[in-house]
Every structure is written in C-alpha cells, then in structure tokens.
$ cat input_24.pdb   # PDB, C-alpha atoms
ATOM      1  CA  MET P   1     -15.019 -14.018  27.656
ATOM      2  CA  ARG P   2     -16.904 -10.709  27.895
ATOM      3  CA  LEU P   3     -20.619 -10.970  27.142
ATOM      4  CA  ASN P   4     -22.525  -7.870  26.074
ATOM      5  CA  PRO P   5     -25.643  -7.643  28.292
ATOM      6  CA  ARG P   6     -27.529  -6.066  25.394
ATOM      7  CA  TYR P   7     -27.264  -9.349  23.501
ATOM      8  CA  LEU P   8     -29.155 -11.076  26.295
ATOM      9  CA  VAL P   9     -31.855  -8.392  26.416
ATOM     10  CA  VAL P  10     -32.524  -8.773  22.694
ATOM     11  CA  PHE P  11     -32.513 -12.570  22.959
ATOM     12  CA  CYS P  12     -35.024 -12.476  25.839
ATOM     13  CA  VAL P  13     -37.476 -10.257  23.944
ATOM     14  CA  VAL P  14     -37.189 -12.277  20.718
ATOM     15  CA  ALA P  15     -37.708 -15.556  22.596
ATOM     16  CA  GLU P  16     -40.788 -14.314  24.414
ATOM     17  CA  LEU P  17     -42.428 -12.729  21.367
ATOM     18  CA  ARG P  18     -41.276 -15.532  19.010
ATOM     19  CA  SER P  19     -40.796 -12.960  16.267
ATOM     20  CA  LEU P  20     -37.808 -10.931  15.061
ATOM     21  CA  SER P  21     -40.008  -8.227  13.535
ATOM     22  CA  ARG P  22     -42.139  -7.702  16.656
ATOM     23  CA  ALA P  23     -39.050  -7.713  18.860
ATOM     24  CA  ALA P  24     -37.438  -5.110  16.602
ATOM     25  CA  GLU P  25     -40.509  -2.920  16.987
ATOM     26  CA  ILE P  26     -40.516  -3.244  20.780
ATOM     27  CA  LEU P  27     -36.757  -2.639  21.062
ATOM     28  CA  ASN P  28     -36.851   0.271  18.594
ATOM     29  CA  LEU P  29     -34.296  -1.463  16.358
ATOM     30  CA  SER P  30     -34.271  -2.567  12.749
ATOM     31  CA  GLN P  31     -34.840  -6.247  12.054
ATOM     32  CA  PRO P  32     -31.331  -6.618  10.569
ATOM     33  CA  ALA P  33     -29.924  -5.142  13.778
ATOM     34  CA  VAL P  34     -31.822  -7.717  15.844
ATOM     35  CA  SER P  35     -30.589 -10.553  13.607
ATOM     36  CA  LYS P  36     -27.007  -9.261  13.840
ATOM     37  CA  THR P  37     -27.229  -9.125  17.647
ATOM     38  CA  LEU P  38     -28.511 -12.686  17.859
ATOM     39  CA  LYS P  39     -25.750 -13.865  15.520
ATOM     40  CA  ALA P  40     -23.173 -12.173  17.751
ATOM     41  CA  LEU P  41     -24.652 -13.922  20.800
ATOM     42  CA  GLU P  42     -24.541 -17.296  19.056
ATOM     43  CA  ASP P  43     -20.928 -16.666  18.046
ATOM     44  CA  THR P  44     -20.126 -15.904  21.668
ATOM     45  CA  VAL P  45     -21.701 -19.071  23.092
ATOM     46  CA  ARG P  46     -20.663 -21.076  20.007
ATOM     47  CA  GLN P  47     -24.032 -22.797  19.698
ATOM     48  CA  PRO P  48     -27.231 -22.117  17.723
ATOM     49  CA  LEU P  49     -29.876 -20.657  20.021
ATOM     50  CA  TYR P  50     -32.980 -20.570  17.827
ATOM     51  CA  GLU P  51     -34.553 -21.744  14.597
ATOM     52  CA  ARG P  52     -37.065 -20.046  12.310
ATOM     53  CA  THR P  53     -40.261 -22.019  11.656
ATOM     54  CA  PRO P  54     -43.599 -21.161   9.992
ATOM     55  CA  GLN P  55     -45.009 -20.700  13.505
ATOM     56  CA  GLY P  56     -42.245 -18.255  14.507
ATOM     57  CA  ILE P  57     -39.032 -18.489  16.492
ATOM     58  CA  THR P  58     -38.321 -21.823  18.196
ATOM     59  CA  LEU P  59     -35.503 -22.124  20.735
ATOM     60  CA  THR P  60     -32.912 -24.875  20.594
ATOM     61  CA  GLU P  61     -31.993 -26.749  23.773
ATOM     62  CA  ALA P  62     -29.094 -24.334  24.267
ATOM     63  CA  GLY P  63     -31.453 -21.399  23.785
ATOM     64  CA  LYS P  64     -33.918 -22.780  26.345
ATOM     65  CA  ALA P  65     -31.096 -23.204  28.844
ATOM     66  CA  LEU P  66     -29.843 -19.650  28.304
ATOM     67  CA  LEU P  67     -33.257 -17.969  28.357
ATOM     68  CA  PRO P  68     -33.745 -17.700  32.173
ATOM     69  CA  TYR P  69     -30.371 -15.982  32.531
ATOM     70  CA  ALA P  70     -31.092 -13.648  29.611
ATOM     71  CA  CYS P  71     -34.457 -12.610  31.029
ATOM     72  CA  ALA P  72     -32.927 -12.100  34.478
ATOM     73  CA  VAL P  73     -30.456  -9.652  32.899
ATOM     74  CA  ASN P  74     -33.329  -7.960  31.068
ATOM     75  CA  ARG P  75     -35.244  -7.495  34.322
ATOM     76  CA  SER P  76     -32.194  -6.242  36.204
ATOM     77  CA  LEU P  77     -31.339  -3.638  33.576
ATOM     78  CA  ALA P  78     -34.943  -2.479  33.433
ATOM     79  CA  HIS P  79     -35.103  -2.167  37.227
ATOM     80  CA  ALA P  80     -31.857  -0.180  37.217
ATOM     81  CA  THR P  81     -33.217   2.127  34.516
ATOM     82  CA  ARG P  82     -36.386   2.679  36.509
ATOM     83  CA  PHE P  83     -34.382   3.397  39.687
ATOM     84  CA  ILE P  84     -32.254   5.998  37.900
ATOM     85  CA  GLU P  85     -35.243   7.643  36.210
ATOM     86  CA  GLU P  86     -37.217   7.886  39.421
ATOM     87  CA  ARG P  87     -34.276   9.355  41.330
ATOM     88  CA  ARG P  88     -33.410  11.780  38.545
ATOM     89  CA  HIS P  89     -36.897  13.011  37.744
ATOM     90  CA  LYS P  90     -38.795  11.940  40.884
ATOM     91  CA  ARG P  91     -41.216  10.291  38.496
ATOM     92  CA  ILE P  92     -44.198   8.252  39.694
ATOM     93  CA  PRO P  93     -45.078   5.444  37.271
ATOM     94  CA  GLN P  94     -48.510   5.574  35.668
ATOM     95  CA  LEU P  95     -50.540   2.439  35.138
ATOM     96  CA  GLU P  96     -53.281   2.489  32.492
ATOM     97  CA  VAL P  97     -55.801  -0.296  33.095
ATOM     98  CA  GLY P  98     -59.004  -1.046  31.214
ATOM     99  CA  LEU P  99     -62.122  -2.443  32.872
ATOM    100  CA  ALA P 100     -65.060  -3.782  30.871
ATOM    101  CA  TRP P 101     -68.385  -2.084  31.603
ATOM    102  CA  SER P 102     -69.926  -5.368  32.720
ATOM    103  CA  LEU P 103     -67.213  -5.859  35.370
ATOM    104  CA  ILE P 104     -67.420  -2.434  37.042
ATOM    105  CA  PRO P 105     -69.514  -3.477  40.086
ATOM    106  CA  ARG P 106     -67.335  -6.549  40.588
ATOM    107  CA  TYR P 107     -63.831  -5.090  40.263
ATOM    108  CA  GLU P 108     -63.721  -1.298  40.257
ATOM    109  CA  ALA P 109     -63.658  -0.978  44.057
ATOM    110  CA  SER P 110     -60.897  -3.602  44.297
ATOM    111  CA  LEU P 111     -58.790  -1.853  41.662
ATOM    112  CA  LEU P 112     -59.131   1.516  43.371
ATOM    113  CA  ARG P 113     -58.519  -0.062  46.785
ATOM    114  CA  TRP P 114     -55.263  -1.546  45.490
ATOM    115  CA  ALA P 115     -54.181   1.888  44.212
ATOM    116  CA  THR P 116     -54.325   3.238  47.781
ATOM    117  CA  LEU P 117     -51.926   0.592  49.129
ATOM    118  CA  GLU P 118     -48.327   1.523  49.807
ATOM    119  CA  GLU P 119     -47.077  -1.288  47.556
ATOM    120  CA  ALA P 120     -48.824   0.213  44.513
ATOM    121  CA  ARG P 121     -46.450   3.197  44.193
ATOM    122  CA  CYS P 122     -48.098   4.373  40.971
ATOM    123  CA  GLU P 123     -50.892   6.497  39.576
ATOM    124  CA  LEU P 124     -53.703   4.184  38.475
ATOM    125  CA  HIS P 125     -55.821   5.387  35.563
ATOM    126  CA  LEU P 126     -58.960   3.374  34.805
ATOM    127  CA  THR P 127     -60.647   3.289  31.394
ATOM    128  CA  ASN P 128     -64.024   1.673  30.764
ATOM    129  CA  GLY P 129     -65.218   0.161  27.505
ATOM    130  CA  THR P 130     -66.466  -2.987  25.839
ATOM    131  CA  THR P 131     -64.236  -6.050  25.718
ATOM    132  CA  LEU P 132     -63.402  -5.533  22.046
ATOM    133  CA  GLU P 133     -62.602  -1.841  22.559
ATOM    134  CA  LEU P 134     -60.297  -2.549  25.497
ATOM    135  CA  ILE P 135     -58.439  -5.352  23.725
ATOM    136  CA  GLU P 136     -57.767  -2.999  20.825
ATOM    137  CA  GLN P 137     -56.486  -0.308  23.206
ATOM    138  CA  VAL P 138     -54.122  -2.786  24.872
ATOM    139  CA  TYR P 139     -52.897  -3.880  21.428
ATOM    140  CA  GLN P 140     -52.261  -0.239  20.468
ATOM    141  CA  ARG P 141     -50.467   0.239  23.841
ATOM    142  CA  ASP P 142     -52.918   2.897  24.965
ATOM    143  CA  LEU P 143     -53.570   0.603  27.945
ATOM    144  CA  ASP P 144     -51.071  -1.507  29.892
ATOM    145  CA  ALA P 145     -53.637  -4.238  30.595
ATOM    146  CA  ALA P 146     -57.375  -4.804  30.756
ATOM    147  CA  LEU P 147     -59.902  -6.906  32.644
ATOM    148  CA  VAL P 148     -62.416  -8.113  30.079
ATOM    149  CA  LEU P 149     -65.385 -10.466  29.862
ATOM    150  CA  GLY P 150     -64.954 -13.080  27.138
ATOM    151  CA  GLY P 151     -63.631 -12.045  23.745
ATOM    152  CA  THR P 152     -60.221 -13.707  23.944
ATOM    153  CA  ASP P 153     -60.869 -16.378  21.293
ATOM    154  CA  ALA P 154     -59.344 -14.195  18.542
ATOM    155  CA  LEU P 155     -56.767 -12.280  20.565
ATOM    156  CA  PRO P 156     -54.268 -10.442  18.315
ATOM    157  CA  GLU P 157     -50.674 -11.633  18.687
ATOM    158  CA  PRO P 158     -48.648 -11.231  20.798
ATOM    159  CA  LEU P 159     -51.246 -10.336  23.445
ATOM    160  CA  SER P 160     -51.921 -12.996  26.056
ATOM    161  CA  ALA P 161     -54.892 -13.623  28.338
ATOM    162  CA  ARG P 162     -54.994 -15.094  31.839
ATOM    163  CA  ARG P 163     -58.314 -16.347  33.173
ATOM    164  CA  LEU P 164     -59.231 -14.940  36.569
ATOM    165  CA  THR P 165     -62.750 -16.320  37.027
ATOM    166  CA  SER P 166     -66.044 -16.409  35.119
ATOM    167  CA  ASP P 167     -69.366 -14.578  35.035
ATOM    168  CA  GLU P 168     -72.822 -15.667  33.928
ATOM    169  CA  MET P 169     -74.943 -14.116  31.215
ATOM    170  CA  VAL P 170     -78.441 -13.526  32.614
ATOM    171  CA  LEU P 171     -81.742 -11.932  31.689
ATOM    172  CA  ILE P 172     -83.225  -9.212  33.900
ATOM    173  CA  VAL P 173     -86.767  -7.940  34.382
ATOM    174  CA  ALA P 174     -88.631  -5.535  36.624
ATOM    175  CA  PRO P 175     -90.233  -6.980  39.802
ATOM    176  CA  THR P 176     -93.660  -6.392  38.182
ATOM    177  CA  HIS P 177     -92.820  -8.339  35.004
ATOM    178  CA  PRO P 178     -94.807 -11.594  34.456
ATOM    179  CA  TRP P 179     -91.520 -13.512  34.464
ATOM    180  CA  ALA P 180     -90.248 -11.974  37.737
ATOM    181  CA  GLY P 181     -90.929 -15.063  39.829
ATOM    182  CA  MET P 182     -89.729 -17.665  37.337
ATOM    183  CA  GLY P 183     -86.041 -17.773  38.263
ATOM    184  CA  GLY P 184     -85.017 -19.154  34.881
ATOM    185  CA  VAL P 185     -86.158 -19.316  31.257
ATOM    186  CA  ALA P 186     -85.172 -21.097  28.057
ATOM    187  CA  LEU P 187     -84.030 -19.040  25.080
ATOM    188  CA  GLY P 188     -87.054 -20.155  23.096
ATOM    189  CA  GLN P 189     -89.273 -18.148  25.431
ATOM    190  CA  LEU P 190     -87.747 -14.940  24.013
ATOM    191  CA  GLU P 191     -89.693 -15.572  20.808
ATOM    192  CA  GLY P 192     -92.125 -12.670  20.447
ATOM    193  CA  MET P 193     -90.733 -10.749  23.468
ATOM    194  CA  THR P 194     -89.182  -7.270  23.671
ATOM    195  CA  LEU P 195     -85.442  -7.708  24.218
ATOM    196  CA  LEU P 196     -83.252  -4.967  25.735
ATOM    197  CA  VAL P 197     -79.609  -5.124  24.619
ATOM    198  CA  PRO P 198     -76.422  -3.033  24.988
ATOM    199  CA  GLN P 199     -74.331  -1.544  22.149
ATOM    200  CA  ARG P 200     -73.513  -3.602  19.075
ATOM    201  CA  ASN P 201     -69.894  -4.408  19.962
ATOM    202  CA  SER P 202     -70.795  -5.709  23.431
ATOM    203  CA  ARG P 203     -69.472  -9.245  23.954
ATOM    204  CA  LEU P 204     -72.659 -10.178  25.819
ATOM    205  CA  ARG P 205     -74.824  -9.068  22.922
ATOM    206  CA  LEU P 206     -72.655 -10.827  20.339
ATOM    207  CA  ARG P 207     -72.882 -14.102  22.272
ATOM    208  CA  LEU P 208     -76.673 -13.843  22.644
ATOM    209  CA  GLU P 209     -77.161 -13.018  18.955
ATOM    210  CA  GLN P 210     -75.147 -16.103  18.009
ATOM    211  CA  PHE P 211     -77.437 -18.316  20.083
ATOM    212  CA  LEU P 212     -80.636 -16.699  18.800
ATOM    213  CA  GLU P 213     -79.539 -17.074  15.182
ATOM    214  CA  ARG P 214     -78.383 -20.656  15.701
ATOM    215  CA  HIS P 215     -81.762 -21.679  17.118
ATOM    216  CA  GLY P 216     -83.898 -19.498  14.839
ATOM    217  CA  ILE P 217     -85.356 -17.446  17.707
ATOM    218  CA  VAL P 218     -86.771 -14.049  16.720
ATOM    219  CA  PRO P 219     -87.837 -11.588  19.480
ATOM    220  CA  GLU P 220     -90.785  -9.317  18.693
ATOM    221  CA  ARG P 221     -88.478  -6.311  18.875
ATOM    222  CA  VAL P 222     -84.911  -5.566  19.946
ATOM    223  CA  LEU P 223     -84.263  -2.253  21.696
ATOM    224  CA  GLU P 224     -80.628  -1.093  21.706
ATOM    225  CA  CYS P 225     -80.095   0.743  24.993
ATOM    226  CA  GLY P 226     -76.613   2.146  24.309
ATOM    227  CA  SER P 227     -74.898   0.526  27.289
ATOM    228  CA  LEU P 228     -75.447  -1.978  30.076
ATOM    229  CA  TYR P 229     -76.485   0.918  32.310
ATOM    230  CA  GLY P 230     -79.212   1.728  29.787
ATOM    231  CA  VAL P 231     -80.308  -1.915  29.783
ATOM    232  CA  LYS P 232     -80.680  -1.871  33.567
ATOM    233  CA  ALA P 233     -82.689   1.356  33.500
ATOM    234  CA  ALA P 234     -84.995   0.135  30.735
ATOM    235  CA  ALA P 235     -85.569  -3.225  32.409
ATOM    236  CA  ALA P 236     -86.303  -1.589  35.770
ATOM    237  CA  ALA P 237     -88.860   0.609  33.978
ATOM    238  CA  GLY P 238     -90.646  -2.509  32.741
ATOM    239  CA  LEU P 239     -89.856  -1.997  29.048
ATOM    240  CA  GLY P 240     -88.834  -5.591  28.343
ATOM    241  CA  VAL P 241     -86.378  -8.374  29.107
ATOM    242  CA  GLY P 242     -82.797  -7.127  29.469
ATOM    243  CA  LEU P 243     -79.451  -8.799  28.847
ATOM    244  CA  SER P 244     -76.629  -8.447  31.385
ATOM    245  CA  SER P 245     -73.900 -10.230  33.294
ATOM    246  CA  ARG P 246     -74.920 -11.435  36.736
ATOM    247  CA  SER P 247     -72.351  -9.425  38.688
ATOM    248  CA  PHE P 248     -73.312  -6.199  36.897
ATOM    249  CA  VAL P 249     -76.874  -6.250  38.253
ATOM    250  CA  GLU P 250     -76.208  -7.628  41.749
ATOM    251  CA  PRO P 251     -76.607  -4.184  43.440
ATOM    252  CA  GLU P 252     -80.039  -3.656  41.854
ATOM    253  CA  VAL P 253     -81.109  -7.218  42.604
ATOM    254  CA  ARG P 254     -80.164  -6.823  46.271
ATOM    255  CA  ALA P 255     -82.104  -3.546  46.361
ATOM    256  CA  GLY P 256     -85.192  -5.235  44.918
ATOM    257  CA  LEU P 257     -85.175  -3.134  41.745
ATOM    258  CA  LEU P 258     -84.578  -6.031  39.340
ATOM    259  CA  ARG P 259     -85.092  -9.783  39.124
ATOM    260  CA  VAL P 260     -82.533 -12.140  37.576
ATOM    261  CA  LEU P 261     -83.562 -14.940  35.221
ATOM    262  CA  MET P 262     -80.985 -17.650  34.619
ATOM    263  CA  VAL P 263     -80.734 -18.888  31.023
ATOM    264  CA  GLU P 264     -81.451 -22.604  31.149
ATOM    265  CA  ASP P 265     -79.614 -23.330  27.887
ATOM    266  CA  SER P 266     -75.913 -24.229  28.200
ATOM    267  CA  GLY P 267     -73.044 -21.968  27.176
ATOM    268  CA  PHE P 268     -74.103 -18.790  28.955
ATOM    269  CA  SER P 269     -70.935 -18.318  30.991
ATOM    270  CA  LEU P 270     -68.042 -16.064  29.943
ATOM    271  CA  GLY P 271     -64.514 -16.008  31.327
ATOM    272  CA  VAL P 272     -63.086 -12.948  33.067
ATOM    273  CA  HIS P 273     -59.621 -12.452  31.567
ATOM    274  CA  TRP P 274     -56.577 -10.286  32.212
ATOM    275  CA  VAL P 275     -55.221  -9.176  28.816
ATOM    276  CA  ALA P 276     -51.703  -7.750  28.390
ATOM    277  CA  TYR P 277     -48.507  -7.956  26.363
ATOM    278  CA  PRO P 278     -45.889 -10.598  27.293
ATOM    279  CA  GLU P 279     -43.691  -9.520  30.193
ATOM    280  CA  ALA P 280     -40.513  -9.229  28.125
ATOM    281  CA  SER P 281     -42.036  -6.480  25.977
ATOM    282  CA  VAL P 282     -43.097  -4.326  28.954
ATOM    283  CA  ASP P 283     -40.822  -1.937  30.852
ATOM    284  CA  ALA P 284     -39.779  -2.933  34.368
ATOM    285  CA  ALA P 285     -41.889  -0.408  36.262
ATOM    286  CA  THR P 286     -45.062  -1.385  34.419
ATOM    287  CA  ARG P 287     -44.260  -5.098  34.680
ATOM    288  CA  GLU P 288     -43.756  -4.846  38.424
ATOM    289  CA  MET P 289     -46.985  -2.928  38.981
ATOM    290  CA  LEU P 290     -49.010  -5.263  36.767
ATOM    291  CA  GLY P 291     -47.590  -8.245  38.633
ATOM    292  CA  LEU P 292     -48.552  -6.770  41.997
ATOM    293  CA  LEU P 293     -52.037  -5.903  40.750
ATOM    294  CA  TRP P 294     -52.585  -9.364  39.244
ATOM    295  CA  HIS P 295     -51.485 -10.991  42.516
ATOM    296  CA  TYR P 296     -53.872  -8.744  44.444
ATOM    297  CA  LEU P 297     -56.813  -9.589  42.189
ATOM    298  CA  GLY P 298     -55.908 -13.273  42.234
ATOM    299  CA  VAL P 299     -55.983 -13.620  46.040
ATOM    300  CA  PRO P 300     -59.227 -15.479  46.911
ATOM    301  CA  SER P 301     -60.155 -13.090  49.719
ATOM    302  CA  THR P 302     -59.834 -10.132  47.357
ATOM    303  CA  VAL P 303     -61.964 -11.758  44.701
ATOM    304  CA  SER P 304     -64.630 -12.656  47.216
ATOM    305  CA  GLN P 305     -64.704  -9.052  48.405
ATOM    306  CA  ALA P 306     -65.177  -7.898  44.813
ATOM    307  CA  LEU P 307     -68.057 -10.314  44.303
TER     308      LEU P 307
END

$ encode --input "input_24.pdb" --output "structure tokens"
Amino acid sequence: MRLNPRYLVVFCVVAELRSLSRAAEILNLSQPAVSKTLKALEDTVRQPLYERTPQGITLTEAGKALLPYACAVNRSLAHATRFIEERRHKRIPQLEVGLAWSLIPRYEASLLRWATLEEARCELHLTNGTTLELIEQVYQRDLDAALVLGGTDALPEPLSARRLTSDEMVLIVAPTHPWAGMGGVALGQLEGMTLLVPQRNSRLRLRLEQFLERHGIVPERVLECGSLYGVKAAAAAGLGVGLSSRSFVEPEVRAGLLRVLMVEDSGFSLGVHWVAYPEASVDAATREMLGLLWHYLGVPSTVSQAL
C-alpha cells in the first residue's frame, strides 16, 4: 500500500481546526478538494476517520489513533520545506509578536533578550497595542502570536490562548495625593473623584467600567489619557486617581514617583495569555520559533527576571 503524504497533512490540519472550511483556507484548497482528500485517505485505511457534528469535526477512534502519525508527517514536510527554502534563498525567518501596552515593562526586555540568543535564529518584530487590537491582528495573521492581558473570554475561532501568569489591576496616585499612604481602597471611594483612564478599547478600562456600572459608582469626572503612559504621567502630576496594571507602574513606584493602591473589591486580577493559531495551521519555521519563545517565557527564572 502506498500512502500519499499529502493526505496525512490535510487530515492533520482538519483535525486540529475541526473545520473543513477553515482547513481549506489554511491549505489554499477548495473545500471539495479537502473533502475528496479525506475520502481518499479513508478509502486507503478502509475505516471512517471523522464525523461531522454541529460543533465541528469529531474524530473516530481510528482517526484519533492515526492523528499523531499524520501530524508527525505534517511537521516533517514543513521542516524539510523550511530547510530547502533557507538553503536556496538564505532566508532568515521573521517572527511577528504582539505585546500589550500594559505588559511592556514586564516582558519587553525578556522578548528582546530571547531574540539575541543563538537558538532564536529569526528576526523578531514587536508590535504594541491593546489586547483587543492585538487579538484582531493575530486573527488576521498580521501577527504570529501576542502576549495580552485578559480579553480571551470571546476569542475568535480557531485562535487559542495559553495562560502564562496573571497581573493585578491597581489604582495609582502621586506621592502628594491624600490617598498616597492608604495602600488600598474600595471602589465606592471613587464616587466623586477624578478618574484617569486609558483609551476606550483598553481591557483594563473595560473591566473597571463594568464594575463601576454594576455597583452604581459615578466618579466626578473621567479623564481619558490616550494610553497607559498618559495615565502614569497624569497621575504623577497629581491630576487624579489613575488606572493601571501593577507591573506597568513598578518602575515609577520603585523610583518614588507614584503610589499604588490595591482595589479591595474582588475580581481585579487579569490573566496574561499567549494568543496564537493552532500549531497545525502555522508553518514549521514559525511553529518552531513560537515554541522556543513560549518555553523561554514559561521558564520560572525567566518570568521572575521579567517581573
């Protein structure tokens, strides 16, 4: 029996994405061509490999048993393609990674440090934005992956998110502010205060607005500062109470330029997530680099350095 390796590649992508249409898009094939390939594979192994359900593609027991071998073939062919392309064109892979504004102090140095390691073997391009902006750019394949704060509750399919750690939402004030020595406040104390917030699509701002609305809390005024950097500057100037993530303001807190106020109400912690497409829908070079980068960020010593 001679088995066409292309059958296994198509099967691997369909199984991982759980959709014939999305797999066809990734593989640059028509959906009928994908269906025909899967039928040919089933005819070869003489067993049904998948079923269609309202939730998408579901593998049979035979399909589950075949999947590891199919994906191994997919990886091997992709690695061979990368090897040939690099030798032929002397091409250095490019890795496009997004980093949420609020995570810059915590992770930017680690990301750039990784790019200098010999194992990286790629050009790392960093893009900053809000969580929602970066998720959209990953979905549109303008970015290979992104580190974001929160925002994964309505992740568009087939993107996936892996939790790396968490970060706290905090309030910040100037050292001369009446609240500077309090250490923590309840949300109700924002009633009648001047609140400094980042741009409208900031995940931090969206979360705070949900809590304020839920509890009927109305600040005296809300000043939109354009970005988290603007919030820090306005708070340091004594213009009001600012909203931030804890890690974003650590440098200014250590320098004595700002004071952090913990929010005493529950629910003011957001997960730090790694957002990307499933591995089967990513080319081998990108998949390898993303895997190395994720491992680097996931090593406890690396994370502690970034903190």

$ resolve_selection --input "input_24.pdb" --expression "the PyMOL selection byres ((chain P and resi 289) around 12)" --output "VMD selection string"
chain P and resid 92 to 97 114 to 115 117 to 124 144 to 145 279 282 to 288 290 to 296

$ resolve_selection --input "input_24.pdb" --expression "the PyMOL selection byres ((chain P and resi 66) around 12)" --output "VMD selection string"
chain P and resid 7 to 9 11 to 12 15 41 to 42 45 47 to 50 59 to 65 67 to 73

$ resolve_selection --input "input_24.pdb" --expression "the PyMOL selection byres ((chain P and resi 245-258) around 8)" --output "PyMOL selection string"
chain P and resi 102-106+167-170+172-175+204+232+235-236+243-244+259-260+307

$ closest_residue --input "input_24.pdb" --among "P:Lys39, P:Leu143, P:Leu171, P:Glu136" --to "P:Gly183" --atoms "all atoms listed in the file"
P:Leu171

$ closest_residue --input "input_24.pdb" --among "P:Gly98, P:Gly267, P:Pro158, P:Gly298" --to "P:Glu16" --atoms "only C-alpha atoms"
P:Pro158

$ atom_distance --input "input_24.pdb" --atom1 "atom CA of P:Arg214" --atom2 "atom CA of P:Glu191"
13.4 Å

$ atom_distance --input "input_24.pdb" --atom1 "atom CA of P:Leu187" --atom2 "atom CA of P:Leu228"
19.7 Å

$ closest_residue --input "input_24.pdb" --among "P:Gln199, P:Gln137, P:Ser227, P:Thr131" --to "P:Asp153" --atoms "all atoms listed in the file"
P:Thr131

$ residues_around --input "input_24.pdb" --residues "P:Arg18" --least-positions-apart "4" --cutoff "10 Å" --atoms "only C-alpha atoms" --output "PyMOL selection string"
chain P and resi 12-14+22-23+50+52-53+55-59+158

$ atom_distance --input "input_24.pdb" --atom1 "atom CA of P:Glu264" --atom2 "atom CA of P:Ala186"
5.1 Å

$ residues_around --input "input_24.pdb" --residues "P:Glu220" --least-positions-apart "2" --cutoff "10 Å" --atoms "all atoms listed in the file" --output "PDB file with C-alpha atoms, in the coordinates of the input"
ATOM      1  CA  LEU P 190     -87.747 -14.940  24.013  1.00  0.00           C
ATOM      2  CA  GLU P 191     -89.693 -15.572  20.808  1.00  0.00           C
ATOM      3  CA  GLY P 192     -92.125 -12.670  20.447  1.00  0.00           C
ATOM      4  CA  MET P 193     -90.733 -10.749  23.468  1.00  0.00           C
ATOM      5  CA  THR P 194     -89.182  -7.270  23.671  1.00  0.00           C
ATOM      6  CA  LEU P 195     -85.442  -7.708  24.218  1.00  0.00           C
ATOM      7  CA  ILE P 217     -85.356 -17.446  17.707  1.00  0.00           C
ATOM      8  CA  VAL P 218     -86.771 -14.049  16.720  1.00  0.00           C
ATOM      9  CA  VAL P 222     -84.911  -5.566  19.946  1.00  0.00           C
TER      10      VAL P 222
END

$ closest_residue --input "input_24.pdb" --among "P:Gly230, P:Pro54, P:Pro178, P:Gly188" --to "P:Val263" --atoms "all atoms listed in the file"
P:Gly188

$ closest_residue --input "input_24.pdb" --among "P:Arg75, P:Arg2, P:Lys36, P:Arg162" --to "P:Gly271" --atoms "only C-alpha atoms"
P:Arg162

$ axis_aligned_box --input "input_24.pdb" --around "stretch 54-67 of chain P" --padding-each-side "4 Å" --output "AutoDock Vina command-line options"
--center_x -37.1 --center_y -22.4 --center_z 19.4 --size_x 23.9 --size_y 16.8 --size_z 26.9

$ closest_residue --input "input_24.pdb" --among "P:Ala78, P:Leu261, P:Leu111, P:Val10" --to "P:Gly181" --atoms "only C-alpha atoms"
P:Leu261

$ residues_around --input "input_24.pdb" --residues "P:Glu108" --least-positions-apart "6" --cutoff "10 Å" --atoms "all atoms listed in the file" --output "PyMOL selection string"
chain P and resi 99-101+114+126+128+306

$ build_atoms --input "input_24.pdb" --residues "stretch 272-285 of chain P" --atoms "N, CA and C atoms" --output "PDB file, keeping the file's coordinate frame"
ATOM      1  N   VAL P 272     -63.669 -14.254  32.755  1.00  0.00           N
ATOM      2  CA  VAL P 272     -63.086 -12.948  33.067  1.00  0.00           C
ATOM      3  C   VAL P 272     -61.581 -13.075  32.868  1.00  0.00           C
ATOM      4  N   HIS P 273     -61.022 -12.303  31.944  1.00  0.00           N
ATOM      5  CA  HIS P 273     -59.621 -12.452  31.567  1.00  0.00           C
ATOM      6  C   HIS P 273     -58.832 -11.163  31.787  1.00  0.00           C
ATOM      7  N   TRP P 274     -57.557 -11.359  32.077  1.00  0.00           N
ATOM      8  CA  TRP P 274     -56.577 -10.286  32.212  1.00  0.00           C
ATOM      9  C   TRP P 274     -55.756 -10.291  30.932  1.00  0.00           C
ATOM     10  N   VAL P 275     -55.871  -9.243  30.123  1.00  0.00           N
ATOM     11  CA  VAL P 275     -55.221  -9.176  28.816  1.00  0.00           C
ATOM     12  C   VAL P 275     -54.066  -8.185  28.867  1.00  0.00           C
ATOM     13  N   ALA P 276     -52.882  -8.614  28.383  1.00  0.00           N
ATOM     14  CA  ALA P 276     -51.703  -7.750  28.390  1.00  0.00           C
ATOM     15  C   ALA P 276     -50.684  -8.284  27.392  1.00  0.00           C
ATOM     16  N   TYR P 277     -49.634  -7.501  27.173  1.00  0.00           N
ATOM     17  CA  TYR P 277     -48.507  -7.956  26.363  1.00  0.00           C
ATOM     18  C   TYR P 277     -47.636  -8.900  27.193  1.00  0.00           C
ATOM     19  N   PRO P 278     -46.837  -9.763  26.550  1.00  0.00           N
ATOM     20  CA  PRO P 278     -45.889 -10.598  27.293  1.00  0.00           C
ATOM     21  C   PRO P 278     -44.949  -9.743  28.131  1.00  0.00           C
ATOM     22  N   GLU P 279     -44.498 -10.282  29.240  1.00  0.00           N
ATOM     23  CA  GLU P 279     -43.691  -9.520  30.193  1.00  0.00           C
ATOM     24  C   GLU P 279     -42.426  -8.940  29.571  1.00  0.00           C
ATOM     25  N   ALA P 280     -41.797  -9.682  28.681  1.00  0.00           N
ATOM     26  CA  ALA P 280     -40.513  -9.229  28.125  1.00  0.00           C
ATOM     27  C   ALA P 280     -40.648  -7.953  27.310  1.00  0.00           C
ATOM     28  N   SER P 281     -41.855  -7.660  26.815  1.00  0.00           N
ATOM     29  CA  SER P 281     -42.036  -6.480  25.977  1.00  0.00           C
ATOM     30  C   SER P 281     -42.574  -5.284  26.752  1.00  0.00           C
ATOM     31  N   VAL P 282     -42.585  -5.401  28.098  1.00  0.00           N
ATOM     32  CA  VAL P 282     -43.097  -4.326  28.954  1.00  0.00           C
ATOM     33  C   VAL P 282     -41.968  -3.813  29.825  1.00  0.00           C
ATOM     34  N   ASP P 283     -41.901  -2.495  30.040  1.00  0.00           N
ATOM     35  CA  ASP P 283     -40.822  -1.937  30.852  1.00  0.00           C
ATOM     36  C   ASP P 283     -40.955  -2.416  32.298  1.00  0.00           C
ATOM     37  N   ALA P 284     -39.850  -2.335  33.034  1.00  0.00           N
ATOM     38  CA  ALA P 284     -39.779  -2.933  34.368  1.00  0.00           C
ATOM     39  C   ALA P 284     -40.796  -2.355  35.336  1.00  0.00           C
ATOM     40  N   ALA P 285     -40.956  -1.030  35.321  1.00  0.00           N
ATOM     41  CA  ALA P 285     -41.889  -0.408  36.262  1.00  0.00           C
ATOM     42  C   ALA P 285     -43.309  -0.902  36.020  1.00  0.00           C
TER      43      ALA P 285
END
